[in-house]
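Trainee: Below you'll find data-v2.txt; it's compact mmCIF, C-alpha atoms and all ligand atoms.
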```
# COMPACT_ATOMS: atom_id res chain seq x y z
CA MET A 1 9.07 -31.39 29.31
CA ALA A 2 5.84 -29.42 28.91
CA LYS A 3 2.43 -30.99 28.50
CA LYS A 4 1.62 -33.71 26.04
CA PHE A 5 0.02 -32.87 22.68
CA ARG A 6 -2.75 -35.16 21.58
CA VAL A 7 -3.08 -35.40 17.82
CA GLY A 8 -6.13 -35.98 15.63
CA LEU A 9 -5.47 -36.88 11.99
CA ILE A 10 -8.15 -36.57 9.30
CA GLY A 11 -7.63 -38.90 6.31
CA TYR A 12 -5.98 -42.29 6.19
CA LYS A 13 -4.94 -42.85 2.58
CA PHE A 14 -1.79 -41.51 0.90
CA MET A 15 -1.13 -38.54 3.16
CA GLY A 16 -2.82 -40.29 6.09
CA ARG A 17 -0.17 -42.99 5.89
CA ALA A 18 2.70 -40.54 5.36
CA HIS A 19 1.59 -38.36 8.29
CA SER A 20 0.92 -41.34 10.60
CA ASN A 21 4.44 -42.54 9.93
CA ALA A 22 5.76 -39.06 10.69
CA TRP A 23 3.87 -38.82 13.99
CA ARG A 24 5.22 -42.27 14.94
CA GLN A 25 8.83 -41.53 14.00
CA ALA A 26 9.28 -37.89 15.02
CA PRO A 27 9.46 -38.55 18.80
CA LYS A 28 11.75 -41.54 18.22
CA PHE A 29 14.35 -39.70 16.14
CA PHE A 30 14.03 -36.05 17.24
CA ASP A 31 14.24 -34.55 20.72
CA LEU A 32 10.81 -32.98 20.69
CA LYS A 33 10.07 -30.27 23.23
CA THR A 34 6.75 -31.95 24.06
CA ASN A 35 5.46 -35.51 24.06
CA VAL A 36 2.92 -36.38 21.40
CA GLU A 37 0.16 -38.92 21.55
CA MET A 38 -1.37 -40.37 18.38
CA HIS A 39 -4.91 -40.05 19.66
CA THR A 40 -7.59 -40.21 16.95
CA ILE A 41 -7.68 -40.93 13.24
CA CYS A 42 -10.70 -40.00 11.15
CA GLY A 43 -12.15 -41.26 7.86
CA ARG A 44 -15.70 -41.61 6.54
CA ASP A 45 -15.71 -45.40 6.15
CA THR A 46 -16.03 -46.87 9.66
CA ALA A 47 -14.55 -50.28 8.86
CA ALA A 48 -11.70 -48.84 6.80
CA VAL A 49 -10.79 -46.21 9.39
CA GLN A 50 -10.80 -48.86 12.14
CA ALA A 51 -8.41 -50.95 10.05
CA ALA A 52 -6.24 -47.86 9.45
CA ARG A 53 -6.26 -47.09 13.20
CA ALA A 54 -4.87 -50.52 14.02
CA LYS A 55 -2.36 -50.55 11.18
CA LEU A 56 -1.10 -46.97 11.48
CA GLY A 57 -0.89 -46.85 15.28
CA TRP A 58 -3.74 -44.62 16.47
CA GLN A 59 -5.72 -45.19 19.68
CA PHE A 60 -9.19 -44.20 18.47
CA ALA A 61 -11.02 -43.95 15.15
CA VAL A 62 -14.02 -41.78 14.26
CA ALA A 63 -16.04 -41.30 11.07
CA ASP A 64 -16.87 -37.59 11.41
CA TRP A 65 -14.08 -34.98 11.44
CA ARG A 66 -16.21 -32.72 13.65
CA GLU A 67 -15.64 -35.15 16.53
CA VAL A 68 -11.91 -34.52 16.18
CA VAL A 69 -11.98 -30.73 15.92
CA GLU A 70 -14.51 -30.37 18.74
CA SER A 71 -12.89 -32.83 21.14
CA PRO A 72 -11.41 -31.19 24.26
CA LEU A 73 -8.89 -34.05 24.29
CA ILE A 74 -7.26 -33.01 21.00
CA ASP A 75 -4.54 -30.31 20.84
CA ILE A 76 -3.36 -30.68 17.24
CA VAL A 77 -5.48 -31.28 14.15
CA ASP A 78 -3.63 -32.67 11.14
CA ILE A 79 -5.53 -32.44 7.84
CA GLY A 80 -4.67 -35.06 5.20
CA THR A 81 -7.90 -35.01 3.20
CA PRO A 82 -8.62 -33.74 -0.35
CA THR A 83 -8.25 -30.03 -0.93
CA PHE A 84 -11.98 -29.17 -1.00
CA THR A 85 -12.26 -30.20 2.67
CA HIS A 86 -9.32 -28.16 3.99
CA ALA A 87 -11.01 -24.81 4.63
CA GLU A 88 -14.05 -26.12 6.49
CA ILE A 89 -12.03 -28.50 8.70
CA ALA A 90 -9.19 -26.06 9.38
CA ILE A 91 -11.45 -23.12 10.23
CA ALA A 92 -13.52 -25.28 12.59
CA ALA A 93 -10.35 -26.62 14.25
CA LEU A 94 -8.94 -23.09 14.63
CA LYS A 95 -12.20 -21.90 16.19
CA HIS A 96 -11.75 -24.65 18.77
CA GLY A 97 -8.23 -23.41 19.51
CA LYS A 98 -6.35 -26.34 17.97
CA HIS A 99 -2.95 -26.05 16.38
CA VAL A 100 -3.38 -27.00 12.72
CA LEU A 101 -1.12 -28.78 10.27
CA CYS A 102 -2.79 -28.77 6.84
CA GLU A 103 -1.83 -30.50 3.63
CA LYS A 104 -1.12 -28.39 0.57
CA PRO A 105 -2.48 -26.54 -1.29
CA LEU A 106 -3.96 -24.59 1.60
CA GLY A 107 -7.36 -24.17 -0.07
CA ARG A 108 -9.08 -24.23 -3.46
CA ASP A 109 -8.94 -20.52 -4.18
CA LEU A 110 -8.05 -17.11 -2.78
CA LYS A 111 -11.33 -16.75 -0.88
CA GLU A 112 -10.79 -19.99 1.03
CA CYS A 113 -7.12 -19.26 1.72
CA GLU A 114 -7.91 -15.74 2.97
CA ALA A 115 -10.59 -17.11 5.32
CA MET A 116 -8.20 -19.79 6.60
CA TYR A 117 -5.41 -17.32 7.27
CA ALA A 118 -7.82 -14.90 8.97
CA ALA A 119 -9.09 -17.72 11.22
CA ALA A 120 -5.52 -18.75 12.02
CA LYS A 121 -4.50 -15.20 12.96
CA LYS A 122 -7.54 -14.83 15.18
CA ALA A 123 -6.99 -18.16 16.91
CA LYS A 124 -3.38 -17.28 17.88
CA VAL A 125 -2.31 -20.90 17.49
CA VAL A 126 0.42 -22.53 15.42
CA HIS A 127 -0.50 -23.22 11.80
CA MET A 128 1.53 -24.79 9.05
CA VAL A 129 1.04 -25.97 5.46
CA CYS A 130 2.68 -29.30 4.67
CA HIS A 131 5.05 -28.30 1.88
CA ASN A 132 7.33 -31.11 2.98
CA TYR A 133 9.90 -30.65 0.19
CA ARG A 134 11.30 -27.61 2.02
CA ARG A 135 12.52 -30.06 4.62
CA ILE A 136 14.61 -32.24 2.37
CA PRO A 137 18.10 -31.85 3.85
CA ALA A 138 19.58 -30.92 0.44
CA ILE A 139 16.95 -28.18 -0.02
CA ALA A 140 17.49 -26.89 3.52
CA LEU A 141 21.23 -26.84 2.79
CA ALA A 142 20.57 -24.95 -0.45
CA LYS A 143 18.63 -22.39 1.59
CA ARG A 144 21.53 -22.03 4.01
CA MET A 145 24.00 -21.58 1.17
CA MET A 146 21.80 -18.97 -0.51
CA THR A 147 21.38 -17.09 2.76
CA GLU A 148 25.16 -17.09 3.20
CA GLY A 149 25.56 -15.66 -0.31
CA ALA A 150 27.29 -18.71 -1.82
CA LEU A 151 25.58 -18.05 -5.15
CA GLY A 152 26.06 -14.28 -5.18
CA LYS A 153 23.41 -12.23 -6.96
CA ILE A 154 20.63 -14.55 -8.15
CA TYR A 155 19.64 -14.43 -11.82
CA HIS A 156 17.50 -17.49 -12.47
CA PHE A 157 15.17 -19.82 -10.57
CA ARG A 158 13.81 -22.73 -12.59
CA ALA A 159 11.86 -25.71 -11.41
CA ARG A 160 9.89 -28.56 -12.89
CA TYR A 161 7.53 -30.97 -11.17
CA ALA A 162 6.84 -33.78 -13.62
CA GLN A 163 4.92 -37.02 -13.29
CA ASP A 164 3.44 -39.27 -15.96
CA ARG A 165 0.29 -40.95 -14.72
CA LEU A 166 -2.12 -38.83 -16.79
CA ALA A 167 -0.33 -39.80 -20.02
CA ASP A 168 -2.69 -42.79 -19.89
CA SER A 169 -5.90 -41.17 -21.18
CA GLU A 170 -7.92 -43.84 -19.35
CA PHE A 171 -6.53 -42.79 -15.98
CA PRO A 172 -9.66 -42.15 -13.89
CA LEU A 173 -11.32 -38.82 -13.30
CA ASP A 174 -10.63 -38.47 -9.56
CA TRP A 175 -11.00 -35.51 -7.18
CA ARG A 176 -7.69 -34.08 -8.35
CA LEU A 177 -9.04 -33.45 -11.87
CA LYS A 178 -12.18 -31.56 -10.86
CA LYS A 179 -12.20 -27.85 -10.14
CA GLU A 180 -14.72 -28.10 -7.32
CA THR A 181 -12.63 -30.62 -5.39
CA SER A 182 -9.03 -29.70 -6.25
CA GLY A 183 -9.04 -25.95 -6.89
CA SER A 184 -6.94 -25.93 -10.04
CA GLY A 185 -5.92 -29.54 -10.66
CA VAL A 186 -2.29 -30.29 -11.36
CA HIS A 187 -1.52 -26.57 -11.17
CA SER A 188 -2.50 -26.26 -7.51
CA ASP A 189 -1.55 -29.83 -6.68
CA ILE A 190 2.10 -29.83 -7.74
CA ASN A 191 2.93 -26.35 -9.05
CA SER A 192 2.15 -25.20 -5.49
CA HIS A 193 5.10 -27.29 -4.24
CA ILE A 194 7.65 -25.66 -6.55
CA ILE A 195 6.14 -22.20 -6.01
CA ASP A 196 6.77 -22.87 -2.33
CA LEU A 197 10.39 -23.79 -3.11
CA ALA A 198 10.84 -20.59 -5.12
CA ARG A 199 9.41 -18.48 -2.31
CA TYR A 200 11.50 -20.33 0.30
CA LEU A 201 14.77 -20.25 -1.59
CA VAL A 202 14.56 -16.92 -3.42
CA GLY A 203 11.62 -14.68 -2.47
CA GLU A 204 8.21 -13.43 -3.50
CA PHE A 205 6.79 -13.48 -7.02
CA THR A 206 5.89 -10.04 -8.31
CA GLU A 207 4.49 -10.80 -11.79
CA VAL A 208 3.68 -13.92 -13.82
CA CYS A 209 2.74 -14.97 -17.34
CA GLY A 210 1.50 -18.50 -17.77
CA ILE A 211 -0.57 -21.16 -19.42
CA VAL A 212 -2.76 -23.77 -17.78
CA HIS A 213 -4.22 -26.48 -19.96
CA THR A 214 -6.27 -29.68 -20.00
CA PHE A 215 -4.91 -32.17 -22.56
CA VAL A 216 -7.50 -34.92 -22.02
CA PRO A 217 -10.99 -33.40 -21.59
CA GLU A 218 -12.87 -36.54 -20.52
CA ARG A 219 -11.85 -39.50 -18.40
CA PRO A 220 -13.62 -42.52 -16.85
CA ARG A 221 -15.35 -41.49 -13.63
CA ALA A 222 -13.42 -42.95 -10.70
CA GLU A 223 -16.41 -43.57 -8.44
CA LEU A 224 -18.15 -45.64 -11.14
CA LEU A 225 -15.05 -47.64 -12.07
CA THR A 226 -14.97 -49.04 -8.54
CA LYS A 227 -18.52 -50.32 -9.19
CA GLY A 228 -17.44 -51.95 -12.46
CA LYS A 229 -19.01 -49.27 -14.72
CA ARG A 230 -17.13 -47.21 -17.32
CA GLN A 231 -18.71 -43.81 -17.89
CA TYR A 232 -16.79 -40.71 -18.95
CA GLY A 233 -16.96 -37.39 -17.16
CA LYS A 234 -15.56 -33.94 -17.88
CA VAL A 235 -12.13 -32.96 -16.59
CA THR A 236 -12.79 -29.49 -15.18
CA ALA A 237 -9.35 -28.59 -13.81
CA PRO A 238 -6.01 -28.06 -15.56
CA ASP A 239 -3.87 -31.16 -15.98
CA SER A 240 -0.72 -29.21 -16.83
CA ALA A 241 0.65 -25.72 -16.31
CA ALA A 242 3.74 -23.67 -17.03
CA PHE A 243 4.68 -20.10 -16.29
CA ILE A 244 7.44 -17.59 -16.31
CA GLY A 245 7.68 -14.76 -13.85
CA TRP A 246 9.69 -12.24 -11.91
CA LEU A 247 10.72 -12.81 -8.34
CA GLU A 248 11.66 -9.87 -6.15
CA GLY A 249 15.18 -8.56 -6.75
CA GLY A 250 14.85 -9.07 -10.51
CA VAL A 251 15.17 -12.86 -10.47
CA MET A 252 13.79 -14.53 -13.59
CA ALA A 253 11.70 -17.63 -12.89
CA ASN A 254 10.28 -20.46 -14.94
CA LEU A 255 8.21 -23.26 -13.50
CA GLU A 256 6.38 -26.21 -15.02
CA ALA A 257 3.99 -28.81 -13.61
CA THR A 258 2.74 -31.76 -15.61
CA ARG A 259 1.55 -35.34 -15.32
CA TYR A 260 2.27 -36.05 -19.00
CA ALA A 261 6.04 -36.44 -18.77
CA LEU A 262 6.34 -40.13 -19.68
CA GLY A 263 9.16 -41.72 -17.73
CA ARG A 264 8.99 -39.12 -14.96
CA ARG A 265 7.37 -40.61 -11.87
CA ASN A 266 7.91 -37.87 -9.31
CA HIS A 267 10.57 -35.71 -10.86
CA ILE A 268 11.24 -32.45 -9.06
CA GLU A 269 14.18 -30.49 -10.28
CA VAL A 270 15.36 -27.09 -9.22
CA GLU A 271 18.24 -25.08 -10.64
CA ILE A 272 19.31 -21.68 -9.39
CA ASN A 273 21.99 -19.62 -11.09
CA GLY A 274 23.78 -16.72 -9.44
CA SER A 275 26.77 -14.49 -10.12
CA LYS A 276 29.08 -16.73 -8.05
CA GLY A 277 27.66 -20.18 -8.66
CA SER A 278 24.75 -22.50 -9.34
CA ILE A 279 22.90 -25.20 -7.46
CA TYR A 280 20.91 -28.07 -8.89
CA PHE A 281 18.59 -30.48 -7.09
CA ASP A 282 16.85 -33.57 -8.43
CA PHE A 283 14.36 -35.33 -6.14
CA GLU A 284 15.19 -38.69 -7.73
CA ASP A 285 18.65 -38.25 -6.20
CA MET A 286 17.40 -36.45 -3.11
CA ASN A 287 20.36 -37.03 -0.81
CA LYS A 288 22.55 -34.92 -3.07
CA LEU A 289 22.85 -31.24 -3.90
CA LYS A 290 24.90 -30.28 -6.92
CA PHE A 291 26.93 -27.10 -6.49
CA TYR A 292 29.00 -25.23 -9.04
CA ASN A 293 31.34 -22.73 -7.46
CA GLY A 294 32.44 -20.12 -10.00
CA GLU A 295 35.34 -19.27 -7.70
CA ASP A 296 36.96 -22.71 -8.01
CA PRO A 297 40.31 -22.70 -9.86
CA LYS A 298 39.64 -22.71 -13.62
CA ASP A 299 41.33 -26.07 -14.25
CA ARG A 300 38.93 -27.93 -11.88
CA GLN A 301 35.65 -26.19 -12.29
CA GLY A 302 32.50 -28.28 -12.56
CA PHE A 303 29.41 -29.25 -10.62
CA ARG A 304 30.29 -31.13 -7.47
CA ASP A 305 27.97 -33.57 -5.71
CA ILE A 306 27.42 -32.71 -2.07
CA LEU A 307 26.15 -35.82 -0.34
CA VAL A 308 23.90 -34.30 2.30
CA THR A 309 24.30 -36.90 5.06
CA GLN A 310 26.87 -35.27 7.38
CA ARG A 311 25.86 -35.45 11.04
CA ASP A 312 26.81 -33.48 14.17
CA GLY A 313 24.89 -30.44 12.96
CA VAL A 314 27.05 -30.11 9.84
CA GLN A 315 24.04 -30.44 7.52
CA PRO A 316 20.35 -29.86 8.27
CA TYR A 317 18.14 -32.63 9.74
CA VAL A 318 20.46 -35.56 9.01
CA THR A 319 22.09 -35.59 12.46
CA ASN A 320 18.95 -37.30 13.71
CA TRP A 321 19.16 -40.20 11.27
CA TRP A 322 21.95 -42.51 10.19
CA PRO A 323 25.75 -42.46 9.87
CA PRO A 324 27.15 -40.44 6.93
CA GLY A 325 26.35 -41.90 3.53
CA HIS A 326 23.24 -43.74 4.73
CA GLY A 327 20.59 -41.89 2.78
CA ILE A 328 17.05 -40.96 3.69
CA GLY A 329 13.83 -40.87 1.62
CA TYR A 330 10.48 -39.27 0.92
CA GLU A 331 8.90 -40.23 4.25
CA HIS A 332 11.61 -38.47 6.24
CA THR A 333 10.51 -35.09 4.87
CA PHE A 334 7.20 -35.50 6.71
CA VAL A 335 9.01 -36.50 9.91
CA HIS A 336 11.02 -33.27 9.69
CA ALA A 337 7.84 -31.25 9.11
CA VAL A 338 6.11 -32.84 12.10
CA ALA A 339 9.16 -32.41 14.36
CA ASP A 340 9.46 -28.70 13.50
CA PHE A 341 5.71 -28.25 13.89
CA VAL A 342 5.58 -29.89 17.33
CA ASN A 343 8.50 -27.81 18.60
CA ALA A 344 6.81 -24.65 17.32
CA CYS A 345 3.59 -25.66 19.13
CA ALA A 346 5.61 -26.23 22.31
CA ASP A 347 7.23 -22.80 21.98
CA GLY A 348 4.02 -21.13 20.79
CA LYS A 349 6.00 -19.68 17.86
CA PRO A 350 5.22 -19.60 14.12
CA VAL A 351 6.71 -22.22 11.87
CA GLN A 352 6.96 -21.83 8.11
CA PRO A 353 5.28 -22.36 5.77
CA THR A 354 2.40 -20.81 7.72
CA PHE A 355 -1.16 -20.30 6.46
CA GLU A 356 0.06 -16.86 5.37
CA ASP A 357 2.57 -18.65 3.13
CA GLY A 358 -0.28 -20.83 1.86
CA LEU A 359 -2.23 -17.69 0.98
CA LYS A 360 0.77 -16.11 -0.77
CA ASN A 361 1.26 -19.34 -2.71
CA GLN A 362 -2.38 -19.22 -3.78
CA ARG A 363 -1.93 -15.63 -5.00
CA VAL A 364 0.71 -16.92 -7.43
CA LEU A 365 -1.47 -19.87 -8.53
CA THR A 366 -4.44 -17.55 -9.12
CA ALA A 367 -2.34 -14.99 -11.00
CA VAL A 368 -1.05 -17.71 -13.34
CA GLU A 369 -4.60 -18.91 -14.06
CA LYS A 370 -5.70 -15.35 -14.70
CA SER A 371 -2.73 -14.76 -16.99
CA SER A 372 -3.61 -17.90 -18.95
CA ALA A 373 -7.22 -16.74 -19.31
CA VAL A 374 -6.40 -13.21 -20.49
CA GLY A 375 -3.18 -14.00 -22.37
CA LYS A 376 -1.23 -11.27 -20.57
CA TRP A 377 1.21 -10.71 -17.73
CA VAL A 378 -0.52 -10.46 -14.33
CA LYS A 379 0.81 -8.82 -11.14
CA VAL A 380 0.77 -11.09 -8.09
N1 LIG B 401 2.74 -33.05 0.68
C1 LIG B 401 2.69 -33.90 -0.33
O1 LIG B 401 3.70 -34.27 -0.89
C2 LIG B 401 1.35 -34.41 -0.80
C3 LIG B 401 1.27 -35.57 -1.59
C4 LIG B 401 0.00 -36.03 -1.94
C5 LIG B 401 -1.14 -35.35 -1.55
N2 LIG B 401 -1.02 -34.21 -0.82
C6 LIG B 401 -2.23 -33.45 -0.40
O2 LIG B 401 -2.82 -34.18 0.67
C7 LIG B 401 -4.23 -34.08 0.61
C8 LIG B 401 -4.81 -35.49 0.56
O3 LIG B 401 -4.33 -36.14 -0.59
P1 LIG B 401 -4.17 -37.73 -0.64
O4 LIG B 401 -3.29 -38.01 -1.80
O5 LIG B 401 -3.80 -38.29 0.68
O6 LIG B 401 -5.66 -38.13 -1.02
P2 LIG B 401 -6.31 -39.57 -0.96
O7 LIG B 401 -7.46 -39.52 -1.92
O8 LIG B 401 -5.27 -40.65 -1.08
O9 LIG B 401 -6.88 -39.65 0.54
C9 LIG B 401 -7.86 -38.78 1.01
C10 LIG B 401 -8.33 -39.23 2.38
O10 LIG B 401 -9.28 -38.28 2.86
C11 LIG B 401 -10.44 -38.96 3.31
N3 LIG B 401 -11.57 -38.05 3.23
C12 LIG B 401 -12.09 -37.46 2.13
N4 LIG B 401 -13.12 -36.65 2.49
C13 LIG B 401 -13.25 -36.75 3.84
C14 LIG B 401 -14.12 -36.17 4.80
N5 LIG B 401 -15.08 -35.34 4.44
N6 LIG B 401 -13.95 -36.52 6.11
C15 LIG B 401 -12.96 -37.35 6.48
N7 LIG B 401 -12.10 -37.93 5.61
C16 LIG B 401 -12.26 -37.63 4.32
C17 LIG B 401 -10.53 -40.17 2.40
O11 LIG B 401 -11.34 -41.17 2.96
C18 LIG B 401 -9.04 -40.58 2.37
O12 LIG B 401 -8.68 -41.27 3.55
C19 LIG B 401 -4.55 -33.23 -0.63
O13 LIG B 401 -4.79 -31.92 -0.26
C20 LIG B 401 -3.29 -33.33 -1.46
O14 LIG B 401 -3.08 -32.19 -2.28
C21 LIG B 401 0.18 -33.76 -0.43
```
Could you express the structure from this file as structure tokens?
Mentor:
Amino acid sequence: MAKKFRVGLIGYKFMGRAHSNAWRQAPKFFDLKTNVEMHTICGRDTAAVQAARAKLGWQFAVADWREVVESPLIDIVDIGTPTFTHAEIAIAALKHGKHVLCEKPLGRDLKECEAMYAAAKKAKVVHMVCHNYRRIPAIALAKRMMTEGALGKIYHFRARYAQDRLADSEFPLDWRLKKETSGSGVHSDINSHIIDLARYLVGEFTEVCGIVHTFVPERPRAELLTKGKRQYGKVTAPDSAAFIGWLEGGVMANLEATRYALGRRNHIEVEINGSKGSIYFDFEDMNKLKFYNGEDPKDRQGFRDILVTQRDGVQPYVTNWWPPGHGIGYEHTFVHAVADFVNACADGKPVQPTFEDGLKNQRVLTAVEKSSAVGKWVKV
């Protein structure tokens, strides 16, 4: 086995926990081409990051991300901080020759994403955006089936990412609802995930027509709520978005992202219709892929449930987990992402979605915002 990769992770909250778990589990369940060492975790609050270090399994903790990206001991920088920090941290890490795994969306806008991709190209290292939903076994199987032509000529791609926490108008104004910290709010936060699925499963967007909107214009400021004060601030980023578009090859697309879908906690659904069949995926039932084969005998046609848990290489990723029928969950998607990323670093080969994919994703996000502003179709 080649040298060991020492990892530095920035951020210890939601994604910090998900990524720490992935770094812990990947070497235990996958035959990685290189050993990994969970070296340093970083967060601004010294006491909290020390607690996270002990709990999440890191050796060292620091309060300034520059210590991680500049350290000669670190080989991989993993960015799990809010979107407004991605560009500065990633570009600095790339300049120091680190391989970089960065949470989505890649940056806040086209300018940041272009700079990040340019830095990545120049650094000649491995770079990846953490669109983990690509690595759900059912989605990876859908990709395989599409590549093999199981659906024939593709007509429609439709996807919806729906949550409901903003339906409470008193939900706090956090970094995700401000333009300067999130880029474009719910649009870039969760539409970026299903744009990634469209690009992965079908191809590039060529033209879009969309609406982005903010339903609740003011919310209690999060940083004051923690101090017991209730003061309202302006929501400056979209809290919902929907668009239609054309994907290459004349595929019609419609995508929607919202946090106002009461009853939907983390609902991601994808349906693709082709000349020979359809597939349907629902994240709330993530171990299954529904497949309709138009070539089935007429008397038994219907969507079938493919339980994506078959081992021995039959279905993607699941060989490394449990016996057939023993499902996996959200956290496994990050383990798959980390395992693929580490092997790519060992091989010195690109692994998708790269920073170039992050930039292409941003082009779609930006085109939708532009379309909403001008009320017209916009080329991507
Ligand atoms: N792939 C996914 O499914 C998924 C899910 C949620 C969030 N995300 C993305 O992950 C990123 C982080 O989101 P989150 O939900 O974990 O946010 P969070 O608010 O839960 O955590 C952010 C972390 O970053 C730290 N942080 C903020 N600024 C910092 C700085 N300057 N230096 C060091 N640490 C800093 C905070 O202390 C905290 O530990 C975002 O870009 C978000 O879009 C991805």
Trainee: What's around His326 of chain A at 10 Å? Count all atoms listed in the file, leave out sequence neighbours fewer than 6 positions away in its own chain, and write the answer as a count of residues only.
Mentor: 6
Trainee: Find the distance between atom CA of Tyr260 of chain A and atom CA of Val212 of chain A and write it in Å to one decimal.
Mentor: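 So the answer is 13.3 Å.
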Trainee: Nearest residue to ligand LIG 401 (chain B) out of A:Lys55, A:Arg363, A:Arg219, A:Arg17, using all atoms listed in the file?
Mentor: A:Arg17
Trainee: Neighbours of ligand LIG 401 (chain B) at 6 Å or closer, counting only C-alpha atoms and all ligand atoms: which residues, as a PyMOL selection string?
Mentor: chain A and resi 10-16+42-44+65+80-83+103-105+130-132+189
Trainee: Report, in Å with one decimal, the straight-line distance from atom CA of Glu284 of chain A to atom CA of Gly327 of chain A.
Mentor: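 Separating atom CA of Glu284 of chain A from atom CA of Gly327 of chain A is a distance of 12.2 Å.
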Trainee: Provide the atom CA of Val36 of chain A to atom CA of Gly57 of chain A distance in Å, to one decimal place.
Mentor: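 Separation between atom CA of Val36 of chain A and atom CA of Gly57 of chain A: 12.7 Å.
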Trainee: Skipping near chain neighbours, those fewer than 5 positions away, what residues fall within 6 Å of segment 160-164 of chain A using only C-alpha atoms, listed as a list in words?
Mentor: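 Selected residues are Leu255, Glu256, Ala257, Thr258, Arg259, Tyr260, Ala261, Leu262, Arg264, Arg265, Asn266, His267, Ile268 and Glu269 of chain A.
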Trainee: Which residue is closest to Ser372 of chain A? Choose from A:Gly245, A:Gly210, A:Pro324, A:Pro353 and count all atoms listed in the file.
Mentor: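 Counting all atoms listed in the file, the residue closest to Ser372 of chain A is A:Gly210.
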Trainee: Kindly indicate which residue among A:Val380, A:Leu151, A:Ala90, A:Cys209 lies nearest to Glu295 of chain A, using all atoms listed in the file for the distances.
Mentor: A:Leu151
Trainee: Take the point (15.6, -27.6, 6.4) as written in the file and pick out every residue within 12 Å of it, counting only C-alpha atoms; give the list as a ChimeraX atom specification.
Mentor: /A:131-145,197,200-201,308,313,315-319,332-337,339-340,351-353
Trainee: For Gln59 of chain A, which residue among A:Thr214, A:Asn254, A:Ser20, A:Asn293 is the nearest when counting all atoms listed in the file?
Mentor: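 So, comparing all the options, the nearest one is A:Ser20.
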Trainee: If we count only C-alpha atoms and set the cut-off at 7 Å, which residues sit around Asn361 of chain A, ignoring sequence neighbours fewer than 3 positions away in its own chain? Please answer as a ChimeraX atom specification.
Mentor: /A:192,195-196,357-358,364-365
Trainee: Skip segment 222-236 of chain A itself and residues of its chain fewer than 2 positions away, then list as a PyMOL selection string all residues within 6 Å of it, counting all atoms listed in the file.
Mentor: chain A and resi 172-174+177-179+217-220
Trainee: Please tell me which residues are no farther than 10 Å from (13.2, -11.1, -14.2) in the file, counting only C-alpha atoms, and write them as a count of residues only.
Mentor: 18
Trainee: Nearest to Val125 of chain A: which of A:Ile211, A:Ala367, A:Val77, A:Leu110 is it, counting all atoms listed in the file?
Mentor: A:Val77
Trainee: Using all atoms listed in the file, find the one residue out of A:Glu204, A:Glu70, A:Asp75, A:Asp296 that sits nearest to Lys276 of chain A.
Mentor: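 Between A:Glu204, A:Glu70, A:Asp75, A:Asp296, the residue approaching Lys276 of chain A most closely is A:Asp296.
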